[in-house]
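A.B. asks: Quick one: the structure is below, questions incoming.
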Amino acid sequence: MPQIRITSLTPFILLLLSGFLLAGCGDSNPQATFDSVSGKHPNNWLPSGHTTEGKAHPENCADCHGADYLGGISKVACTQCHIGNKDSIHPVQWGNFAYALHGNYSQVHGTTSCANANCHGATLEGVAGSGPSCTQCHLGGINSFHPVAWDNNIIRHRDYVALNGTSSCRNSVCHGANLQGVFLSGPSCNLCHPGAF
């Protein structure tokens with residue numbers, strides 16, 4: 001009886017091992033953020049879905065959006081929404097002062113880049129998990145800090161606070177959580193009401 005030579009089994013063993021390796025590649029990655037069949041991210045990806053993954057693994061975005069994040073094969077640049085760069089939602093020079101610096105930007109550039117379904121909403125009414133409604137701070141509409149009826153009238157300010165309280169004034173971008181004022185924004189209420197707050 002002839003003996004089986006090891007050299008004649010080598011191609012067979014390699015073919016068998018290749019089959020095992022390929023069999024393990026058939027399942028989709030359950031943690032993938034991109035569906036290769038549809039060519040899209042999951043339905044809940046924007047606006048807030050991509051934030052966690054983008055911060056944790058931005059290198060995964062580079063394969064499709066380009067090493068410079070300017071579009072790549074996806075033809076979707078991160079700077080379409082992240083105006084300053086891939087990490088900055090607003091222009092980089094705003095830093096932590098978007099609340100104070102966005103007014104001038106909006107006057108010069110308009111609100112087109114802000115008014116979309118992923119940022120502040122198509123009508124600037126806000127987007128859950130993303131940008132707030134402009135009326136959250138602009139009580140009388142996007143062009144008015146205070147209710148339109150105030151018309152910079154101190155008596156109307158007094159009447160508004162008497163009727164509504166200070167809850168809409170107490171936040172980190174208007175007059176401060178404790179009404180002590182906010183840098184580059186609303187003054188301390190103690191300026192006119194010494195010792196009251």
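Just remember, in the structure tokens the first chain shown is A, the second B, etc., residues are 1-based per chain, and ligands are 1-based in the order shown.
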At a cut-off of 9 Å, using only C-alpha atoms, what residues contact Ser185 in chain A? Leave out same-chain residues fewer than 6 positions from it and give the result as a VMD selection string.

C.D. replies: chain A and resid 99 to 100 173 to 175

A.B. asks: Can you pull out the residues contacting Ala115 in chain A? Cut-off 9 Å, using only C-alpha atoms, and skip same-chain residues under 6 positions away; I want them as a list in words.

C.D. replies: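 My reading of the contact set: Gly121, Ala122, Thr123, Leu124, Glu125 and Gly126 of chain A.
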
A.B. asks: Residues of range 29-69 of chain A within 12 Å of range 87-97 of chain A: nearest atom pair and distance (Å, one decimal) for each, counting only C-alpha atoms, sorted by chain and number, as JSON lines?

C.D. replies:
{"residue": "A:Pro47", "atom": "CA", "partner": "A:Ile89", "partner_atom": "CA", "distance": 11.5}
{"residue": "A:Thr51", "atom": "CA", "partner": "A:Asp87", "partner_atom": "CA", "distance": 10.0}
{"residue": "A:Gly54", "atom": "CA", "partner": "A:Asp87", "partner_atom": "CA", "distance": 8.9}
{"residue": "A:Lys55", "atom": "CA", "partner": "A:Asp87", "partner_atom": "CA", "distance": 8.3}
{"residue": "A:Ala56", "atom": "CA", "partner": "A:Asp87", "partner_atom": "CA", "distance": 11.9}
{"residue": "A:Pro58", "atom": "CA", "partner": "A:Asp87", "partner_atom": "CA", "distance": 9.5}
{"residue": "A:Asp68", "atom": "CA", "partner": "A:Asp87", "partner_atom": "CA", "distance": 11.9}
{"residue": "A:Tyr69", "atom": "CA", "partner": "A:Asp87", "partner_atom": "CA", "distance": 10.3}

A.B. asks: Based on the selection just made, write N, CA and C atoms of those residues as a PDB file, in the first residue's frame.

C.D. replies:
ATOM      1  N   PRO A  47     -29.088  63.286  14.997  1.00  0.00           N
ATOM      2  CA  PRO A  47     -27.881  64.036  15.290  1.00  0.00           C
ATOM      3  C   PRO A  47     -27.035  63.436  16.401  1.00  0.00           C
ATOM      4  N   THR A  51     -22.385  61.055  17.894  1.00  0.00           N
ATOM      5  CA  THR A  51     -21.540  61.787  18.830  1.00  0.00           C
ATOM      6  C   THR A  51     -20.658  60.859  19.654  1.00  0.00           C
ATOM      7  N   GLY A  54     -18.207  58.987  17.355  1.00  0.00           N
ATOM      8  CA  GLY A  54     -17.264  59.938  16.772  1.00  0.00           C
ATOM      9  C   GLY A  54     -16.206  60.396  17.761  1.00  0.00           C
ATOM     10  N   LYS A  55     -16.603  60.563  19.024  1.00  0.00           N
ATOM     11  CA  LYS A  55     -15.632  60.963  20.047  1.00  0.00           C
ATOM     12  C   LYS A  55     -14.731  59.801  20.444  1.00  0.00           C
ATOM     13  N   ALA A  56     -15.313  58.606  20.522  1.00  0.00           N
ATOM     14  CA  ALA A  56     -14.553  57.441  20.968  1.00  0.00           C
ATOM     15  C   ALA A  56     -13.612  56.901  19.893  1.00  0.00           C
ATOM     16  N   PRO A  58     -12.850  58.323  16.279  1.00  0.00           N
ATOM     17  CA  PRO A  58     -12.945  59.160  15.071  1.00  0.00           C
ATOM     18  C   PRO A  58     -12.217  58.553  13.880  1.00  0.00           C
ATOM     19  N   ASP A  68      -8.838  63.612   6.088  1.00  0.00           N
ATOM     20  CA  ASP A  68      -8.969  65.017   6.482  1.00  0.00           C
ATOM     21  C   ASP A  68     -10.400  65.377   6.851  1.00  0.00           C
ATOM     22  N   TYR A  69     -11.302  64.396   6.808  1.00  0.00           N
ATOM     23  CA  TYR A  69     -12.722  64.548   7.144  1.00  0.00           C
ATOM     24  C   TYR A  69     -13.436  65.554   6.233  1.00  0.00           C
TER      25      TYR A  69
END

A.B. asks: Once DSSP has gone over the backbone, tell me which residues of range 91-195 of chain A are in alpha helix (DSSP H), as a list in words.

C.D. replies: Ala98, Tyr99, Ala100, Leu101, His102, Gly103, Asn104, Tyr105, Ser106, Gln107, Val108, His109, Ile154, Ile155, Arg156, His157, Arg158, Asp159, Tyr160, Val161, Ala162, Leu163 and Asn164 of chain A

A.B. asks: For a quick check of understanding, using only C-alpha atoms, which of A:Thr79, A:Thr10, A:Arg156, A:Ser168 has the smallest distance to Ser113 in chain A?

C.D. replies: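 Selected residue with least distance to Ser113 in chain A: A:Thr79.
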
A.B. asks: Here is a test: counting only C-alpha atoms, which residue of A:Thr52, A:Thr111, A:Ser74, A:Asn171 is nearest to Gly186 in chain A?

C.D. replies: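 Residue with the minimum atom-to-atom distance to Gly186 in chain A: A:Asn171.
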
A.B. asks: Rank A:Gly165, A:Asn60, A:Val76, A:Ile154 by their smallest atom-to-atom distance to Cys192 in chain A, using only C-alpha atoms, and report the top residue only.

C.D. replies: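 Counting only C-alpha atoms, the residue closest to Cys192 in chain A is A:Ile154.
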
A.B. asks: Near Trp45 in chain A, within 12 Å and counting only C-alpha atoms, which residues show up once chain neighbours fewer than 2 positions away are dropped, as JSON, numbers by chain?

C.D. replies: {"A": [32, 33, 34, 35, 40, 41, 42, 43, 47, 48, 49, 50, 51, 52, 53, 54, 118, 129]}

A.B. asks: Rounded to one decimal place, report the CA of Ala67 in chain A-CA of Cys119 in chain A distance in Å.

C.D. replies: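 Going from CA of Ala67 in chain A over to CA of Cys119 in chain A, I get 24.0 Å.
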